[in-house]
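One file, start_15.tsv, carrying TSV, C-alpha atoms:
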```tsv
chain	number	residue	atom	x	y	z
A	1	MET	CA	-22.13	-2.82	-9.19
A	2	SER	CA	-21.63	-4.40	-5.77
A	3	GLU	CA	-17.93	-4.94	-6.49
A	4	LYS	CA	-17.51	-1.31	-7.49
A	5	LEU	CA	-19.53	-0.27	-4.48
A	6	GLU	CA	-17.27	-2.29	-2.21
A	7	ALA	CA	-14.20	-0.61	-3.73
A	8	MET	CA	-15.76	2.81	-3.20
A	9	ARG	CA	-16.53	2.07	0.42
A	10	LEU	CA	-12.97	0.91	0.99
A	11	GLU	CA	-11.62	4.05	-0.61
A	12	LEU	CA	-13.87	6.23	1.51
A	13	ARG	CA	-12.72	4.51	4.68
A	14	ARG	CA	-9.02	4.38	3.91
A	15	GLY	CA	-8.14	7.95	4.76
A	16	ILE	CA	-10.28	7.97	7.86
A	17	LEU	CA	-8.59	4.83	9.14
A	18	ILE	CA	-5.28	6.69	9.24
A	19	LEU	CA	-6.90	9.21	11.55
A	20	ALA	CA	-8.28	6.45	13.76
A	21	VAL	CA	-4.93	4.63	13.94
A	22	LEU	CA	-2.88	7.74	14.69
A	23	ASN	CA	-5.34	8.65	17.40
A	24	ALA	CA	-5.57	5.17	18.94
A	25	LEU	CA	-1.80	4.86	19.08
A	26	LYS	CA	-1.38	7.88	21.31
A	27	GLN	CA	-1.35	5.01	23.78
A	28	GLU	CA	1.19	2.33	23.02
A	29	GLN	CA	-0.30	-0.81	21.44
A	30	TYR	CA	0.79	-3.84	19.47
A	31	GLY	CA	-0.97	-4.98	16.31
A	32	TYR	CA	-3.59	-7.29	17.73
A	33	SER	CA	-4.41	-5.07	20.72
A	34	LEU	CA	-4.81	-2.11	18.35
A	35	ARG	CA	-7.25	-4.16	16.30
A	36	LYS	CA	-9.29	-4.92	19.42
A	37	ALA	CA	-9.16	-1.32	20.63
A	38	LEU	CA	-10.55	-0.16	17.29
A	39	GLN	CA	-13.24	-2.83	17.35
A	40	VAL	CA	-14.39	-1.60	20.74
A	41	VAL	CA	-15.16	1.78	19.22
A	42	ASP	CA	-16.92	0.10	16.28
A	43	ILE	CA	-14.17	0.58	13.73
A	44	ASP	CA	-13.92	-2.84	12.17
A	45	ILE	CA	-10.83	-3.05	10.02
A	46	GLU	CA	-9.43	-6.17	8.41
A	47	GLU	CA	-6.13	-7.25	9.90
A	48	GLY	CA	-4.74	-7.69	6.42
A	49	THR	CA	-5.29	-3.96	5.95
A	50	LEU	CA	-4.46	-2.73	9.43
A	51	TYR	CA	-1.04	-4.32	9.93
A	52	PRO	CA	0.40	-3.11	6.62
A	53	LEU	CA	-1.09	0.34	7.25
A	54	VAL	CA	0.67	0.56	10.61
A	55	ARG	CA	3.94	-0.39	8.94
A	56	ARG	CA	3.46	2.29	6.32
A	57	LEU	CA	2.74	4.98	8.90
A	58	GLU	CA	5.86	3.89	10.74
A	59	SER	CA	7.94	4.22	7.58
A	60	TYR	CA	6.65	7.80	7.22
A	61	GLY	CA	8.02	8.51	10.71
A	62	LEU	CA	4.53	8.99	12.16
A	63	LEU	CA	4.87	6.04	14.55
A	64	ASP	CA	7.66	4.86	16.82
A	65	SER	CA	8.05	1.15	17.41
A	66	ARG	CA	9.89	-1.35	19.58
A	67	TRP	CA	10.01	-5.08	20.03
A	68	SER	CA	9.35	-6.41	23.49
A	69	SER	CA	8.99	-9.84	24.96
A	70	GLU	CA	6.87	-10.38	28.03
A	71	GLU	CA	6.06	-13.82	29.36
A	72	GLY	CA	7.94	-15.28	26.43
A	73	ARG	CA	5.64	-13.50	23.99
A	74	LYS	CA	7.22	-11.26	21.40
A	75	ARG	CA	5.24	-8.19	20.53
A	76	ARG	CA	5.94	-5.21	18.37
A	77	TYR	CA	4.65	-2.08	20.06
A	78	TYR	CA	3.76	1.14	18.26
A	79	GLN	CA	3.15	4.64	19.49
A	80	THR	CA	2.35	7.86	17.65
A	81	SER	CA	5.51	9.97	17.35
A	82	PRO	CA	5.59	13.77	17.87
A	83	LYS	CA	5.52	14.13	14.10
A	84	GLY	CA	2.55	11.77	14.04
A	85	ILE	CA	0.68	13.90	16.57
A	86	GLU	CA	1.37	16.96	14.44
A	87	THR	CA	0.00	15.13	11.40
A	88	LEU	CA	-3.00	13.90	13.36
A	89	LEU	CA	-3.95	17.44	14.34
A	90	VAL	CA	-3.77	18.66	10.75
A	91	LEU	CA	-5.79	15.71	9.44
A	92	GLN	CA	-8.28	16.03	12.25
A	93	THR	CA	-8.98	19.68	11.44
A	94	ASP	CA	-9.40	18.79	7.77
A	95	TRP	CA	-11.75	15.95	8.60
A	96	GLN	CA	-13.91	18.01	10.90
A	97	GLN	CA	-14.10	20.80	8.35
A	98	LEU	CA	-15.13	18.36	5.62
A	99	ASN	CA	-17.61	16.65	7.87
A	100	LYS	CA	-19.26	19.95	8.71
A	101	SER	CA	-19.53	21.00	5.08
A	102	LEU	CA	-20.88	17.63	3.99
A	103	ALA	CA	-23.37	17.44	6.81
A	104	LYS	CA	-24.96	20.61	5.47
A	105	ILE	CA	-25.17	19.28	1.92
A	106	LEU	CA	-26.30	15.78	2.81
A	107	GLU	CA	-28.94	16.96	5.23
A	108	ALA	CA	-31.32	17.34	2.28
A	109	ASN	CA	-31.11	13.61	1.46
A	110	LYS	CA	-32.69	12.43	4.65
B	1	MET	CA	9.16	-39.09	15.13
B	2	ASN	CA	8.40	-36.15	13.00
B	3	PHE	CA	6.45	-34.29	15.66
B	4	LEU	CA	9.13	-31.67	16.15
B	5	THR	CA	9.91	-31.13	12.52
B	6	LYS	CA	6.35	-31.00	11.29
B	7	LYS	CA	5.25	-27.50	10.49
B	8	SER	CA	1.86	-26.21	11.59
B	9	PRO	CA	-0.49	-24.55	9.09
B	10	LEU	CA	0.37	-21.20	10.69
B	11	ASP	CA	4.09	-21.77	10.09
B	12	ARG	CA	3.48	-22.68	6.49
B	13	TYR	CA	1.20	-19.71	5.94
B	14	ILE	CA	3.72	-17.26	7.42
B	15	ALA	CA	6.55	-18.76	5.40
B	16	ASP	CA	4.42	-18.40	2.29
B	17	VAL	CA	3.59	-14.75	2.99
B	18	GLU	CA	7.24	-14.08	3.80
B	19	SER	CA	8.39	-15.39	0.45
B	20	TYR	CA	6.24	-12.78	-1.32
B	21	LEU	CA	7.25	-9.84	0.88
B	22	PRO	CA	9.64	-7.08	-0.22
B	23	ALA	CA	13.17	-8.07	0.78
B	24	LYS	CA	13.53	-5.13	3.13
B	25	ASN	CA	12.10	-5.90	6.60
B	26	ARG	CA	10.90	-9.28	5.36
B	27	ALA	CA	11.80	-11.29	8.45
B	28	ASP	CA	10.63	-8.54	10.77
B	29	ILE	CA	7.19	-8.28	9.16
B	30	ALA	CA	6.80	-12.06	9.20
B	31	GLU	CA	7.68	-12.25	12.87
B	32	GLU	CA	5.18	-9.54	13.75
B	33	LEU	CA	2.48	-11.21	11.72
B	34	ARG	CA	3.12	-14.52	13.43
B	35	ALA	CA	2.95	-12.90	16.88
B	36	ASN	CA	-0.35	-11.19	16.08
B	37	LEU	CA	-1.89	-14.29	14.55
B	38	ALA	CA	-0.71	-16.56	17.35
B	39	GLU	CA	-2.24	-14.26	19.90
B	40	LYS	CA	-5.53	-14.10	18.07
B	41	LEU	CA	-5.55	-17.88	17.86
B	42	ALA	CA	-4.94	-18.22	21.59
B	43	ASP	CA	-7.60	-15.61	22.28
B	44	ARG	CA	-10.17	-17.49	20.25
B	45	ALA	CA	-9.33	-20.81	21.81
B	46	GLU	CA	-9.80	-19.27	25.23
B	47	ASP	CA	-13.16	-17.78	24.28
B	48	SER	CA	-14.59	-21.05	23.09
B	49	ASP	CA	-12.74	-23.07	25.74
B	50	VAL	CA	-10.90	-25.39	23.37
B	51	GLU	CA	-7.23	-26.03	22.69
B	52	VAL	CA	-5.45	-24.53	19.72
B	53	SER	CA	-5.62	-27.18	17.03
B	54	GLU	CA	-4.70	-27.54	13.41
B	55	GLU	CA	-8.35	-27.10	12.49
B	56	SER	CA	-8.67	-23.83	14.38
B	57	GLU	CA	-5.48	-22.59	12.72
B	58	ILE	CA	-6.80	-23.42	9.30
B	59	GLU	CA	-10.09	-21.73	10.07
B	60	LEU	CA	-8.34	-18.54	11.14
B	61	LEU	CA	-6.00	-18.52	8.16
B	62	SER	CA	-8.79	-19.02	5.67
B	63	GLU	CA	-10.26	-15.73	6.88
B	64	PHE	CA	-7.00	-14.04	6.00
B	65	GLY	CA	-7.12	-14.96	2.35
B	66	HIS	CA	-4.34	-15.88	-0.02
B	67	PRO	CA	-0.78	-15.20	1.21
B	68	LEU	CA	-0.07	-13.29	-1.98
B	69	ARG	CA	-2.97	-10.92	-1.28
B	70	LEU	CA	-1.76	-10.25	2.23
B	71	ALA	CA	1.83	-9.74	1.10
B	72	ALA	CA	0.69	-7.34	-1.62
B	73	GLN	CA	-0.73	-5.02	1.05
B	74	TYR	CA	2.80	-4.54	2.33
B	75	GLN	CA	4.15	-3.40	-1.04
B	76	GLY	CA	3.15	0.20	-0.41
B	77	GLU	CA	2.97	2.73	-3.19
B	78	GLU	CA	5.99	1.66	-5.16
B	79	ARG	CA	3.92	-1.03	-6.80
B	80	SER	CA	3.43	0.61	-10.17
B	81	LEU	CA	6.23	0.65	-12.70
B	82	ILE	CA	4.75	3.74	-14.35
B	83	GLY	CA	2.32	5.67	-12.16
B	84	PRO	CA	-0.98	7.32	-13.13
B	85	THR	CA	0.70	10.74	-13.45
B	86	LEU	CA	3.11	9.60	-16.13
B	87	TYR	CA	0.95	7.00	-17.81
B	88	PRO	CA	-0.86	9.31	-20.29
B	89	PHE	CA	2.48	10.71	-21.45
B	90	TYR	CA	3.91	7.23	-21.71
B	91	ARG	CA	1.02	6.06	-23.87
B	92	MET	CA	1.31	9.10	-26.09
B	93	SER	CA	5.08	8.66	-26.52
B	94	VAL	CA	4.68	5.02	-27.49
B	95	LEU	CA	1.88	5.81	-29.93
B	96	VAL	CA	3.74	8.68	-31.62
B	97	SER	CA	7.00	6.72	-31.88
B	98	LEU	CA	5.22	3.72	-33.37
B	99	VAL	CA	3.51	5.85	-35.98
B	100	ILE	CA	6.76	7.62	-36.91
B	101	SER	CA	8.78	4.43	-37.08
B	102	THR	CA	6.13	2.75	-39.21
B	103	CYS	CA	6.26	5.66	-41.65
B	104	VAL	CA	10.07	5.52	-41.76
B	105	ILE	CA	10.20	1.79	-42.39
B	106	LEU	CA	7.44	1.98	-44.99
B	107	SER	CA	9.19	4.75	-46.90
B	108	ILE	CA	12.48	2.84	-46.80
B	109	SER	CA	10.71	-0.23	-48.15
B	110	LEU	CA	9.02	1.79	-50.89
B	111	ALA	CA	12.31	3.40	-51.84
B	112	GLU	CA	13.78	-0.04	-52.14
B	113	ILE	CA	10.99	-1.17	-54.46
B	114	PHE	CA	10.72	1.92	-56.67
B	115	PHE	CA	14.34	3.02	-56.90
B	116	ARG	CA	15.82	-0.45	-56.58
B	117	VAL	CA	18.16	0.66	-53.84
B	118	ASP	CA	19.56	-2.28	-51.98
B	119	LEU	CA	19.55	-1.49	-48.30
B	120	GLY	CA	20.16	-5.01	-47.17
B	121	ASP	CA	17.71	-6.70	-44.87
B	122	VAL	CA	15.49	-3.73	-44.05
B	123	SER	CA	12.31	-4.66	-45.78
B	124	SER	CA	11.77	-7.98	-44.10
B	125	PRO	CA	8.58	-8.10	-41.99
B	126	TRP	CA	10.72	-8.83	-38.97
B	127	MET	CA	12.07	-5.32	-39.28
B	128	PHE	CA	8.70	-3.99	-38.10
B	129	VAL	CA	8.49	-6.31	-35.15
B	130	ASN	CA	12.09	-5.71	-34.08
B	131	THR	CA	11.73	-1.96	-34.33
B	132	TYR	CA	8.50	-1.95	-32.34
B	133	ILE	CA	9.92	-4.09	-29.58
B	134	TYR	CA	13.06	-1.96	-29.44
B	135	ILE	CA	11.17	1.35	-29.34
B	136	ILE	CA	8.66	0.23	-26.72
B	137	GLY	CA	11.49	-1.18	-24.60
B	138	VAL	CA	13.55	2.00	-24.68
B	139	ILE	CA	10.57	4.28	-23.96
B	140	THR	CA	9.36	2.06	-21.13
B	141	ALA	CA	12.80	1.99	-19.54
B	142	GLY	CA	13.00	5.78	-19.76
B	143	TYR	CA	9.63	6.27	-18.10
B	144	VAL	CA	10.30	3.74	-15.36
B	145	LEU	CA	13.49	5.61	-14.56
B	146	THR	CA	11.60	8.92	-14.50
B	147	GLU	CA	8.97	7.40	-12.22
B	148	ARG	CA	11.65	6.28	-9.76
B	149	LEU	CA	13.34	9.68	-9.78
B	150	MET	CA	10.00	11.41	-9.23
B	151	GLU	CA	9.25	9.11	-6.34
B	152	ARG	CA	12.49	9.97	-4.63
B	153	HIS	CA	12.07	13.65	-5.23
B	154	SER	CA	8.50	13.90	-3.98
B	155	TYR	CA	9.49	11.82	-0.98
B	156	LEU	CA	12.06	14.44	-0.03
B	157	ALA	CA	9.72	17.33	-0.66
B	158	SER	CA	6.68	15.91	1.11
B	159	ASN	CA	5.84	15.26	4.74
B	160	SER	CA	7.27	17.66	7.28
B	161	LYS	CA	7.65	20.68	5.01
B	162	SER	CA	4.17	20.65	3.57
B	163	ILE	CA	2.66	19.98	6.97
B	164	GLN	CA	4.51	22.91	8.47
B	165	HIS	CA	3.41	25.06	5.58
B	166	ARG	CA	-0.22	24.09	6.01
B	167	ALA	CA	-0.07	24.59	9.76
B	168	GLN	CA	1.33	28.07	9.21
B	169	SER	CA	-1.29	29.10	6.71
B	170	ARG	CA	-3.95	27.76	9.05
B	171	ASN	CA	-2.58	29.90	11.89
B	172	VAL	CA	-2.71	32.95	9.68
B	173	THR	CA	-6.33	32.42	8.70
B	174	GLY	CA	-7.16	31.60	12.32
B	175	ALA	CA	-5.67	34.89	13.49
B	176	GLU	CA	-7.58	36.78	10.83
B	177	SER	CA	-10.93	35.36	11.78
B	178	LYS	CA	-10.26	36.16	15.42
B	179	SER	CA	-9.51	39.79	14.69
B	180	HIS	CA	-12.88	40.23	13.01
```
Target encoding structure tokens, full file:
Amino acid sequence: MSEKLEAMRLELRRGILILAVLNALKQEQYGYSLRKALQVVDIDIEEGTLYPLVRRLESYGLLDSRWSSEEGRKRRYYQTSPKGIETLLVLQTDWQQLNKSLAKILEANK
Amino acid sequence: MNFLTKKSPLDRYIADVESYLPAKNRADIAEELRANLAEKLADRAEDSDVEVSEESEIELLSEFGHPLRLAAQYQGEERSLIGPTLYPFYRMSVLVSLVISTCVILSISLAEIFFRVDLGDVSSPWMFVNTYIYIIGVITAGYVLTERLMERHSYLASNSKSIQHRAQSRNVTGAESKSH
């Protein structure tokens, strides 16, 4: 069961992570700094999941990216594109709506 | 001295991941991964006040898991040859074709026995195997092609249009609830 449970938890988190990433990248970040920024707000996401996810969102046109090198360090910066912001707002409304509905139902389980 | 030519565990790991990545963007993804990992490594070394060493590299990499697993995360959604939407139809097609072809071959074989018609090599057991392989191959190829075409089509139809549509319908319902 625990393996199945783990898969279910991952699935539950996956969609929400997109919301978190799109929101966090309203400010420009590179991979590792994004990871740390998410950790600060208690969203612990494996790097092996986060970095590919960022790439995927970029390929959908939801993120803009650029390479930069400061102090001899190459970094690939990402920022949520206008289309990404539009998507974020739609997803955010959906999420809040769902959360409200579920809160009512799940209240009884406390 | 082989100091300069010797590759660090990080180098080897990245090269390994890179070899499994999809050809498109391969070098770019590898470079980004290296930059992120190198920075994490430096960060850790600074926290615990030690120099970056081979041991610390190995420790970090072992947390990342097998290169193949990491590379697989970059494959995106095009991973399945025949997706879950088409799969039930695919299975049905294969099943039906196998049943039909078995009936056809059997009746040919029976005709050969009862009416002594010589149809050449048909009745050999290999005929079954060859036919099955051929049929499954052709059907699979057809479905894979369909899957690819569907992918391209839904890619064009998705994203901006559907988002705009949803945003519009949301505005409409929003306006309605306000007027109440």
task: Considering only C-alpha atoms, return as JSON, numbers by chain whatever protein or nucleic-acid residues lie within 12 Å of Pro125 in chain B, sequence-local ones (same chain, fewer than 6 positions apart) excluded.
output: {"B": [102, 105, 106, 109, 131, 132]}
Save the residues we just selected, C-alpha atoms, as an mmCIF file, in the frame of the given file?
```cif
data_model
loop_
_atom_site.group_PDB
_atom_site.id
_atom_site.type_symbol
_atom_site.label_atom_id
_atom_site.label_comp_id
_atom_site.auth_asym_id
_atom_site.auth_seq_id
_atom_site.Cartn_x
_atom_site.Cartn_y
_atom_site.Cartn_z
ATOM 1 C CA THR B 102 6.130 2.750 -39.210
ATOM 2 C CA ILE B 105 10.200 1.790 -42.390
ATOM 3 C CA LEU B 106 7.440 1.980 -44.990
ATOM 4 C CA SER B 109 10.710 -0.230 -48.150
ATOM 5 C CA THR B 131 11.730 -1.960 -34.330
ATOM 6 C CA TYR B 132 8.500 -1.950 -32.340
#
```
- request: With a distance threshold of 7 Å and counting only C-alpha atoms, extract the residues of chain B near chain A and express them as a PyMOL selection string.
  value: chain B and resi 32+35-36+64+70+73-74
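Going from CA of Arg66 in chain A over to CA of Glu28 in chain A, you cover 10.1 Å.
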task: Tell me, in Å to one decimal, how far CA of Ser8 in chain B is from CA of Gln29 in chain A.
output: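 CA of Ser8 in chain B sits 27.3 Å away from CA of Gln29 in chain A.
Between CA of Ile29 in chain B and CA of Val17 in chain B the separation is 9.6 Å.
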Neighbour list for Leu57 in chain A as a PyMOL selection string, cut-off 10 Å, all atoms listed in the file, skip fewer than 6 positions in-chain: chain A and resi 18+21-22+63-64+80+84
Using all atoms listed in the file, what residues lie at most 9 Å away from (-3.7, -26.1, 10.2) (file coordinates), given as a compact mmCIF listing (two decimals) with C-alpha atoms, keeping the file's coordinate frame?
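To be explicit, this is the file written out as part.txt:
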```
# COMPACT_ATOMS: atom_id res chain seq x y z
CA SER B 8 1.86 -26.21 11.59
CA PRO B 9 -0.49 -24.55 9.09
CA LEU B 10 0.37 -21.20 10.69
CA ASP B 11 4.09 -21.77 10.09
CA ARG B 12 3.48 -22.68 6.49
CA SER B 53 -5.62 -27.18 17.03
CA GLU B 54 -4.70 -27.54 13.41
CA GLU B 55 -8.35 -27.10 12.49
CA SER B 56 -8.67 -23.83 14.38
CA GLU B 57 -5.48 -22.59 12.72
CA ILE B 58 -6.80 -23.42 9.30
CA GLU B 59 -10.09 -21.73 10.07
CA LEU B 60 -8.34 -18.54 11.14
CA LEU B 61 -6.00 -18.52 8.16
```
query: Skipping near chain neighbours, those fewer than 3 positions away, what residues fall within 8 Å of range 84-87 of chain B using all atoms listed in the file, listed as a PyMOL selection string?
result: chain B and resi 90-91+143+147
Could you give me range 47-58 of chain A completed to all heavy atoms, formatted as a PDB file, keeping the file's coordinate frame?
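This went into part.pdb:
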```pdb
ATOM      1  N   GLU A  47      -7.530  -7.225   9.462  1.00  0.00           N
ATOM      2  CA  GLU A  47      -6.130  -7.250   9.900  1.00  0.00           C
ATOM      3  C   GLU A  47      -5.162  -7.152   8.727  1.00  0.00           C
ATOM      4  O   GLU A  47      -4.092  -6.574   8.838  1.00  0.00           O
ATOM      5  CB  GLU A  47      -5.866  -8.516  10.707  1.00  0.00           C
ATOM      6  CG  GLU A  47      -6.383  -8.405  12.119  1.00  0.00           C
ATOM      7  CD  GLU A  47      -6.700  -9.745  12.722  1.00  0.00           C
ATOM      8  OE1 GLU A  47      -7.730 -10.340  12.339  1.00  0.00           O
ATOM      9  OE2 GLU A  47      -5.925 -10.204  13.547  1.00  0.00           O
ATOM     10  N   GLY A  48      -5.572  -7.740   7.621  1.00  0.00           N
ATOM     11  CA  GLY A  48      -4.740  -7.690   6.420  1.00  0.00           C
ATOM     12  C   GLY A  48      -4.569  -6.283   5.874  1.00  0.00           C
ATOM     13  O   GLY A  48      -3.705  -6.023   5.050  1.00  0.00           O
ATOM     14  N   THR A  49      -5.409  -5.364   6.332  1.00  0.00           N
ATOM     15  CA  THR A  49      -5.290  -3.960   5.950  1.00  0.00           C
ATOM     16  C   THR A  49      -4.586  -3.172   7.053  1.00  0.00           C
ATOM     17  O   THR A  49      -3.741  -2.319   6.794  1.00  0.00           O
ATOM     18  CB  THR A  49      -6.689  -3.338   5.726  1.00  0.00           C
ATOM     19  OG1 THR A  49      -7.410  -4.182   4.844  1.00  0.00           O
ATOM     20  CG2 THR A  49      -6.583  -1.959   5.139  1.00  0.00           C
ATOM     21  N   LEU A  50      -4.963  -3.503   8.289  1.00  0.00           N
ATOM     22  CA  LEU A  50      -4.460  -2.730   9.430  1.00  0.00           C
ATOM     23  C   LEU A  50      -2.952  -2.874   9.627  1.00  0.00           C
ATOM     24  O   LEU A  50      -2.243  -1.870   9.756  1.00  0.00           O
ATOM     25  CB  LEU A  50      -5.188  -3.177  10.713  1.00  0.00           C
ATOM     26  CG  LEU A  50      -4.749  -2.478  11.998  1.00  0.00           C
ATOM     27  CD1 LEU A  50      -5.047  -0.994  11.952  1.00  0.00           C
ATOM     28  CD2 LEU A  50      -5.414  -3.104  13.217  1.00  0.00           C
ATOM     29  N   TYR A  51      -2.468  -4.120   9.639  1.00  0.00           N
ATOM     30  CA  TYR A  51      -1.040  -4.320   9.930  1.00  0.00           C
ATOM     31  C   TYR A  51      -0.126  -3.675   8.891  1.00  0.00           C
ATOM     32  O   TYR A  51       0.848  -3.005   9.263  1.00  0.00           O
ATOM     33  CB  TYR A  51      -0.736  -5.807  10.130  1.00  0.00           C
ATOM     34  CG  TYR A  51      -1.542  -6.446  11.260  1.00  0.00           C
ATOM     35  CD1 TYR A  51      -1.853  -7.804  11.250  1.00  0.00           C
ATOM     36  CD2 TYR A  51      -1.991  -5.687  12.333  1.00  0.00           C
ATOM     37  CE1 TYR A  51      -2.605  -8.381  12.273  1.00  0.00           C
ATOM     38  CE2 TYR A  51      -2.739  -6.260  13.348  1.00  0.00           C
ATOM     39  CZ  TYR A  51      -3.046  -7.608  13.318  1.00  0.00           C
ATOM     40  OH  TYR A  51      -3.777  -8.162  14.318  1.00  0.00           O
ATOM     41  N   PRO A  52      -0.429  -3.825   7.599  1.00  0.00           N
ATOM     42  CA  PRO A  52       0.400  -3.110   6.620  1.00  0.00           C
ATOM     43  C   PRO A  52       0.291  -1.592   6.750  1.00  0.00           C
ATOM     44  O   PRO A  52       1.278  -0.880   6.575  1.00  0.00           O
ATOM     45  CB  PRO A  52      -0.161  -3.569   5.272  1.00  0.00           C
ATOM     46  CG  PRO A  52      -0.798  -4.877   5.552  1.00  0.00           C
ATOM     47  CD  PRO A  52      -1.361  -4.758   6.930  1.00  0.00           C
ATOM     48  N   LEU A  53      -0.894  -1.101   7.091  1.00  0.00           N
ATOM     49  CA  LEU A  53      -1.090   0.340   7.250  1.00  0.00           C
ATOM     50  C   LEU A  53      -0.203   0.883   8.370  1.00  0.00           C
ATOM     51  O   LEU A  53       0.443   1.931   8.228  1.00  0.00           O
ATOM     52  CB  LEU A  53      -2.565   0.651   7.550  1.00  0.00           C
ATOM     53  CG  LEU A  53      -2.894   2.094   7.928  1.00  0.00           C
ATOM     54  CD1 LEU A  53      -2.662   3.020   6.741  1.00  0.00           C
ATOM     55  CD2 LEU A  53      -4.328   2.232   8.421  1.00  0.00           C
ATOM     56  N   VAL A  54      -0.157   0.142   9.474  1.00  0.00           N
ATOM     57  CA  VAL A  54       0.670   0.560  10.610  1.00  0.00           C
ATOM     58  C   VAL A  54       2.137   0.628  10.196  1.00  0.00           C
ATOM     59  O   VAL A  54       2.842   1.579  10.514  1.00  0.00           O
ATOM     60  CB  VAL A  54       0.462  -0.423  11.788  1.00  0.00           C
ATOM     61  CG1 VAL A  54       1.511  -0.195  12.855  1.00  0.00           C
ATOM     62  CG2 VAL A  54      -0.926  -0.251  12.379  1.00  0.00           C
ATOM     63  N   ARG A  55       2.568  -0.382   9.437  1.00  0.00           N
ATOM     64  CA  ARG A  55       3.940  -0.390   8.940  1.00  0.00           C
ATOM     65  C   ARG A  55       4.237   0.830   8.073  1.00  0.00           C
ATOM     66  O   ARG A  55       5.300   1.430   8.134  1.00  0.00           O
ATOM     67  CB  ARG A  55       4.203  -1.645   8.100  1.00  0.00           C
ATOM     68  CG  ARG A  55       4.409  -2.888   8.902  1.00  0.00           C
ATOM     69  CD  ARG A  55       5.875  -3.027   9.216  1.00  0.00           C
ATOM     70  NE  ARG A  55       6.079  -4.103  10.185  1.00  0.00           N
ATOM     71  CZ  ARG A  55       7.279  -4.498  10.584  1.00  0.00           C
ATOM     72  NH1 ARG A  55       8.358  -3.931  10.093  1.00  0.00           N
ATOM     73  NH2 ARG A  55       7.400  -5.439  11.480  1.00  0.00           N
ATOM     74  N   ARG A  56       3.264   1.172   7.228  1.00  0.00           N
ATOM     75  CA  ARG A  56       3.460   2.290   6.320  1.00  0.00           C
ATOM     76  C   ARG A  56       3.573   3.595   7.104  1.00  0.00           C
ATOM     77  O   ARG A  56       4.439   4.421   6.844  1.00  0.00           O
ATOM     78  CB  ARG A  56       2.292   2.361   5.327  1.00  0.00           C
ATOM     79  CG  ARG A  56       2.656   3.045   4.030  1.00  0.00           C
ATOM     80  CD  ARG A  56       1.605   2.822   2.967  1.00  0.00           C
ATOM     81  NE  ARG A  56       1.214   1.420   2.884  1.00  0.00           N
ATOM     82  CZ  ARG A  56      -0.017   0.996   2.635  1.00  0.00           C
ATOM     83  NH1 ARG A  56      -0.977   1.865   2.448  1.00  0.00           N
ATOM     84  NH2 ARG A  56      -0.286  -0.290   2.573  1.00  0.00           N
ATOM     85  N   LEU A  57       2.687   3.766   8.094  1.00  0.00           N
ATOM     86  CA  LEU A  57       2.740   4.980   8.900  1.00  0.00           C
ATOM     87  C   LEU A  57       4.060   5.073   9.649  1.00  0.00           C
ATOM     88  O   LEU A  57       4.618   6.150   9.823  1.00  0.00           O
ATOM     89  CB  LEU A  57       1.562   5.021   9.884  1.00  0.00           C
ATOM     90  CG  LEU A  57       0.178   5.132   9.242  1.00  0.00           C
ATOM     91  CD1 LEU A  57      -0.908   5.097  10.305  1.00  0.00           C
ATOM     92  CD2 LEU A  57       0.064   6.414   8.439  1.00  0.00           C
ATOM     93  N   GLU A  58       4.569   3.910  10.061  1.00  0.00           N
ATOM     94  CA  GLU A  58       5.860   3.890  10.740  1.00  0.00           C
ATOM     95  C   GLU A  58       6.963   4.335   9.778  1.00  0.00           C
ATOM     96  O   GLU A  58       7.840   5.113  10.150  1.00  0.00           O
ATOM     97  CB  GLU A  58       6.161   2.480  11.260  1.00  0.00           C
ATOM     98  CG  GLU A  58       7.416   2.437  12.106  1.00  0.00           C
ATOM     99  CD  GLU A  58       8.007   1.049  12.190  1.00  0.00           C
ATOM    100  OE1 GLU A  58       7.492   0.133  11.518  1.00  0.00           O
ATOM    101  OE2 GLU A  58       8.987   0.880  12.928  1.00  0.00           O
TER     102      GLU A  58
END
```
